[in-house]
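Q: The structure's right below; bear with me while I get my questions together.
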Amino acid sequence: LEVAQTMYAAALAYRAIEGRTPLDVIGGLRYAKIEAEAQIDGSFFAQTGTAVRSAEKGWVDPYIGLRSRHPLAERWTFVGYADIGGFGVGSDFTWQVAAGIDYEFSKTIAGKFGYRYLSVDYDNDGFRYDMANSGLYLGVGIRF
């Protein structure tokens, strides 16, 4: 069995609160796609056979959220993020939280490290996807 999950998100942000710890309000769309393929090999009284089945499902969720950044030291910044979405448009409900640390190598390049938890509850056309994905993230941010 092989399962692949792909997600893309695009959003706009509005700076609601300025200052040392700014707060951004975010609204956007998240596209999710699940692909599964199963191969079953069998043998029955010397007769062998293979069955292969595959399916895929994709949907789009609107979401709204909040993001904040708080400087910890000269090059270190704490980042917090949360969103909710779905609202029955794509998923019944989806939510996400993330917390991390950014380190600025320069004014344009930052290293990112943190933890993210994403929950999706989708049930449509006989397909049910009620999953949570979580784990550490590591990345590079480029500002231009």
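Labels used: A, B, ... for chains in the order of the structure tokens, numbers from 1 for residues in each chain, and numbers from 1 for ligands as shown.
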Quick one: residues within 10 Å of Ser106 in chain A, only C-alpha atoms counted, chain neighbours fewer than 3 positions away excluded, as JSON, numbers by chain?

A: {"A": [75, 103, 109, 110, 111, 142, 143]}

Q: Using all heavy atoms, can you export the residues from the last selection as an mmCIF file, in the first residue's frame?

A:
```cif
data_model
loop_
_atom_site.group_PDB
_atom_site.id
_atom_site.type_symbol
_atom_site.label_atom_id
_atom_site.label_comp_id
_atom_site.auth_asym_id
_atom_site.auth_seq_id
_atom_site.Cartn_x
_atom_site.Cartn_y
_atom_site.Cartn_z
ATOM 1 N N ARG A 75 19.126 38.203 16.616
ATOM 2 C CA ARG A 75 18.824 37.472 15.373
ATOM 3 C C ARG A 75 17.757 36.395 15.553
ATOM 4 O O ARG A 75 17.401 35.716 14.602
ATOM 5 C CB ARG A 75 20.098 36.829 14.825
ATOM 6 C CG ARG A 75 21.114 37.853 14.372
ATOM 7 C CD ARG A 75 22.358 37.144 13.867
ATOM 8 N NE ARG A 75 23.315 38.092 13.374
ATOM 9 C CZ ARG A 75 23.616 38.243 12.090
ATOM 10 N NH1 ARG A 75 23.058 37.493 11.194
ATOM 11 N NH2 ARG A 75 24.494 39.135 11.717
ATOM 12 N N TYR A 103 16.035 32.108 12.842
ATOM 13 C CA TYR A 103 17.346 32.713 13.047
ATOM 14 C C TYR A 103 17.720 33.434 11.765
ATOM 15 O O TYR A 103 17.784 32.820 10.698
ATOM 16 C CB TYR A 103 18.402 31.660 13.389
ATOM 17 C CG TYR A 103 19.781 32.264 13.540
ATOM 18 C CD1 TYR A 103 20.129 32.911 14.719
ATOM 19 C CD2 TYR A 103 20.692 32.216 12.510
ATOM 20 C CE1 TYR A 103 21.384 33.497 14.860
ATOM 21 C CE2 TYR A 103 21.954 32.796 12.637
ATOM 22 C CZ TYR A 103 22.281 33.437 13.812
ATOM 23 O OH TYR A 103 23.520 34.016 13.943
ATOM 24 N N ILE A 109 17.934 36.186 4.431
ATOM 25 C CA ILE A 109 17.922 34.728 4.625
ATOM 26 C C ILE A 109 17.725 34.401 6.107
ATOM 27 O O ILE A 109 18.424 34.922 6.967
ATOM 28 C CB ILE A 109 19.246 34.084 4.157
ATOM 29 C CG1 ILE A 109 19.555 34.443 2.714
ATOM 30 C CG2 ILE A 109 19.215 32.576 4.362
ATOM 31 C CD1 ILE A 109 18.628 33.839 1.702
ATOM 32 N N ALA A 110 16.756 33.496 6.381
ATOM 33 C CA ALA A 110 16.507 33.062 7.753
ATOM 34 C C ALA A 110 16.352 31.549 7.797
ATOM 35 O O ALA A 110 15.747 30.941 6.915
ATOM 36 C CB ALA A 110 15.250 33.722 8.308
ATOM 37 N N GLY A 111 16.895 30.947 8.838
ATOM 38 C CA GLY A 111 16.676 29.532 9.105
ATOM 39 C C GLY A 111 15.443 29.391 9.986
ATOM 40 O O GLY A 111 15.192 30.234 10.851
ATOM 41 N N ILE A 142 13.311 33.140 2.583
ATOM 42 C CA ILE A 142 13.987 34.138 1.753
ATOM 43 C C ILE A 142 13.071 35.342 1.637
ATOM 44 O O ILE A 142 11.927 35.227 1.192
ATOM 45 C CB ILE A 142 14.307 33.566 0.353
ATOM 46 C CG1 ILE A 142 15.174 32.317 0.494
ATOM 47 C CG2 ILE A 142 14.975 34.623 -0.502
ATOM 48 C CD1 ILE A 142 15.384 31.560 -0.793
ATOM 49 N N ARG A 143 13.558 36.471 2.056
ATOM 50 C CA ARG A 143 12.766 37.720 2.025
ATOM 51 C C ARG A 143 13.279 38.586 0.873
ATOM 52 O O ARG A 143 14.487 38.778 0.716
ATOM 53 C CB ARG A 143 12.945 38.458 3.347
ATOM 54 C CG ARG A 143 12.081 39.684 3.454
ATOM 55 C CD ARG A 143 12.250 40.350 4.793
ATOM 56 N NE ARG A 143 11.973 39.370 5.847
ATOM 57 C CZ ARG A 143 12.273 39.554 7.111
ATOM 58 N NH1 ARG A 143 12.897 40.638 7.488
ATOM 59 N NH2 ARG A 143 11.986 38.636 8.010
#
```

Q: Any chance you could tabulate, as a tab-separated table, the residues of range 76-144 of chain A at most 12 Å from range 10-21 of chain A with each one's nearest atom pair and distance in Å to one decimal, using only C-alpha atoms, in chain and rising number order?

A:
```
residue	atom	partner	partner_atom	distance
A:Thr77	CA	A:Thr21	CA	10.0
A:Phe78	CA	A:Thr21	CA	9.7
A:Val79	CA	A:Thr21	CA	9.8
A:Gly80	CA	A:Thr21	CA	10.6
A:Asp83	CA	A:Ala11	CA	11.2
```

Q: Rank nothing, just name the residue among A:Pro62, A:Pro22, A:Gly114, A:Gly126 nearest to Trp95 in chain A, using only C-alpha atoms.

A: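 Checking each of A:Pro62, A:Pro22, A:Gly114, A:Gly126 against Trp95 in chain A, counting only C-alpha atoms, the winner is A:Pro62.
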
Q: What is the distance between CA of Leu23 in chain A and CA of Tyr122 in chain A, in Å to one decimal?

A: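 These atoms are spaced 29.5 Å apart.
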
Q: Between CA of Ala32 in chain A and CA of Arg69 in chain A, what is the distance, to one decimal in Å?

A: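 Calculated distance between CA of Ala32 in chain A and CA of Arg69 in chain A is 26.9 Å.
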
Q: Given only C-alpha atoms, how would the per-residue table for range 39-144 of chain A near range 5-9 of chain A read, listing every residue at most 10 Å away with its closest atom pair and distance in Å to one decimal, sorted by chain and number, as CSV?

A:
```
residue,atom,partner,partner_atom,distance
A:Glu56,CA,A:Gln5,CA,9.7
A:Lys57,CA,A:Gln5,CA,9.9
A:Gly58,CA,A:Thr6,CA,9.1
A:Trp59,CA,A:Met7,CA,9.8
A:Val60,CA,A:Ala9,CA,9.4
A:Asp61,CA,A:Ala9,CA,9.3
A:Pro62,CA,A:Ala9,CA,9.6
A:Tyr63,CA,A:Ala9,CA,9.6
```

Q: Kindly save the residues from that selection, with all heavy atoms included, as a JSON list (two decimals), in the first residue's frame.

A:
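result31.json, written as the output of this step:
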```
[["chain", "number", "residue", "atom", "x", "y", "z"],
["A", 56, "GLU", "N", -7.68, 8.64, -6.08],
["A", 56, "GLU", "CA", -7.20, 9.93, -5.60],
["A", 56, "GLU", "C", -8.38, 10.85, -5.36],
["A", 56, "GLU", "O", -9.45, 10.69, -5.96],
["A", 56, "GLU", "CB", -6.22, 10.57, -6.57],
["A", 56, "GLU", "CG", -6.80, 10.99, -7.90],
["A", 56, "GLU", "CD", -5.77, 11.65, -8.78],
["A", 56, "GLU", "OE1", -4.73, 11.02, -9.06],
["A", 56, "GLU", "OE2", -6.00, 12.79, -9.19],
["A", 57, "LYS", "N", -8.19, 11.78, -4.46],
["A", 57, "LYS", "CA", -9.23, 12.74, -4.11],
["A", 57, "LYS", "C", -8.55, 14.06, -3.77],
["A", 57, "LYS", "O", -7.55, 14.10, -3.07],
["A", 57, "LYS", "CB", -10.03, 12.22, -2.90],
["A", 57, "LYS", "CG", -11.21, 13.06, -2.51],
["A", 57, "LYS", "CD", -12.33, 12.89, -3.51],
["A", 57, "LYS", "CE", -13.58, 13.54, -3.00],
["A", 57, "LYS", "NZ", -14.66, 13.46, -3.94],
["A", 58, "GLY", "N", -9.10, 15.15, -4.26],
["A", 58, "GLY", "CA", -8.57, 16.48, -3.98],
["A", 58, "GLY", "C", -9.69, 17.43, -3.63],
["A", 58, "GLY", "O", -10.82, 17.27, -4.08],
["A", 59, "TRP", "N", -9.39, 18.42, -2.79],
["A", 59, "TRP", "CA", -10.37, 19.43, -2.40],
["A", 59, "TRP", "C", -9.66, 20.70, -1.95],
["A", 59, "TRP", "O", -8.46, 20.71, -1.71],
["A", 59, "TRP", "CB", -11.28, 18.91, -1.30],
["A", 59, "TRP", "CG", -10.61, 18.62, 0.01],
["A", 59, "TRP", "CD1", -10.45, 19.47, 1.06],
["A", 59, "TRP", "CD2", -9.98, 17.40, 0.39],
["A", 59, "TRP", "NE1", -9.78, 18.85, 2.08],
["A", 59, "TRP", "CE2", -9.49, 17.57, 1.69],
["A", 59, "TRP", "CE3", -9.80, 16.16, -0.23],
["A", 59, "TRP", "CZ2", -8.81, 16.57, 2.38],
["A", 59, "TRP", "CZ3", -9.13, 15.18, 0.46],
["A", 59, "TRP", "CH2", -8.65, 15.38, 1.74],
["A", 60, "VAL", "N", -10.43, 21.78, -1.85],
["A", 60, "VAL", "CA", -9.91, 23.09, -1.44],
["A", 60, "VAL", "C", -10.65, 23.53, -0.19],
["A", 60, "VAL", "O", -11.88, 23.46, -0.13],
["A", 60, "VAL", "CB", -10.09, 24.13, -2.56],
["A", 60, "VAL", "CG1", -9.65, 25.51, -2.10],
["A", 60, "VAL", "CG2", -9.32, 23.72, -3.81],
["A", 61, "ASP", "N", -9.88, 23.99, 0.80],
["A", 61, "ASP", "CA", -10.44, 24.50, 2.05],
["A", 61, "ASP", "C", -10.12, 25.99, 2.19],
["A", 61, "ASP", "O", -8.96, 26.37, 2.09],
["A", 61, "ASP", "CB", -9.83, 23.80, 3.27],
["A", 61, "ASP", "CG", -10.31, 22.39, 3.44],
["A", 61, "ASP", "OD1", -11.50, 22.14, 3.19],
["A", 61, "ASP", "OD2", -9.50, 21.53, 3.85],
["A", 62, "PRO", "N", -11.13, 26.82, 2.46],
["A", 62, "PRO", "CA", -10.82, 28.18, 2.88],
["A", 62, "PRO", "C", -10.38, 28.15, 4.34],
["A", 62, "PRO", "O", -10.77, 27.25, 5.09],
["A", 62, "PRO", "CB", -12.15, 28.91, 2.72],
["A", 62, "PRO", "CG", -13.17, 27.84, 2.92],
["A", 62, "PRO", "CD", -12.56, 26.58, 2.38],
["A", 63, "TYR", "N", -9.54, 29.10, 4.75],
["A", 63, "TYR", "CA", -9.14, 29.16, 6.16],
["A", 63, "TYR", "C", -8.85, 30.60, 6.58],
["A", 63, "TYR", "O", -8.56, 31.46, 5.74],
["A", 63, "TYR", "CB", -7.95, 28.25, 6.46],
["A", 63, "TYR", "CG", -6.65, 28.64, 5.80],
["A", 63, "TYR", "CD1", -5.74, 29.47, 6.44],
["A", 63, "TYR", "CD2", -6.31, 28.15, 4.54],
["A", 63, "TYR", "CE1", -4.55, 29.83, 5.84],
["A", 63, "TYR", "CE2", -5.13, 28.50, 3.93],
["A", 63, "TYR", "CZ", -4.24, 29.33, 4.60],
["A", 63, "TYR", "OH", -3.06, 29.66, 4.00]]
```

Q: DSSP on the backbone, strand (DSSP E or B) only: what residues of chain A does that give? Format it as a ChimeraX atom specification.

A: /A:2-17,23-44,47-71,76-85,93-104,109-124,127-142

Q: Looking at only C-alpha atoms, which of A:Ser119, A:Ser68, A:Asn124, A:Gln39 is the one that sits closest to Gly100 in chain A?

A: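 Among the listed residues, A:Ser68 lies closest to Gly100 in chain A.
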
Q: For the atom pair CA of Ala99 in chain A and CA of Ile84 in chain A, what is the interatomic distance in Å to one decimal place?

A: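 These two atoms are separated by 15.5 Å.
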
Q: Let me make sure I understand: among A:Gly27, A:Pro71, A:Gly42, A:Gly135, which one has the smallest atom-to-atom distance to Gly85 in chain A if we use only C-alpha atoms?

A: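 Under the stated criterion, the closest residue is A:Gly27.
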
Q: Could you pull the residues within 8 Å of Val52 in chain A, counting only C-alpha atoms, minus those fewer than 5 positions along the same chain, as a list of chain:residue names?

A: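 Once the adjacent positions are removed, what remains is A:Glu37, A:Ala38, A:Gln39, A:Ile40.
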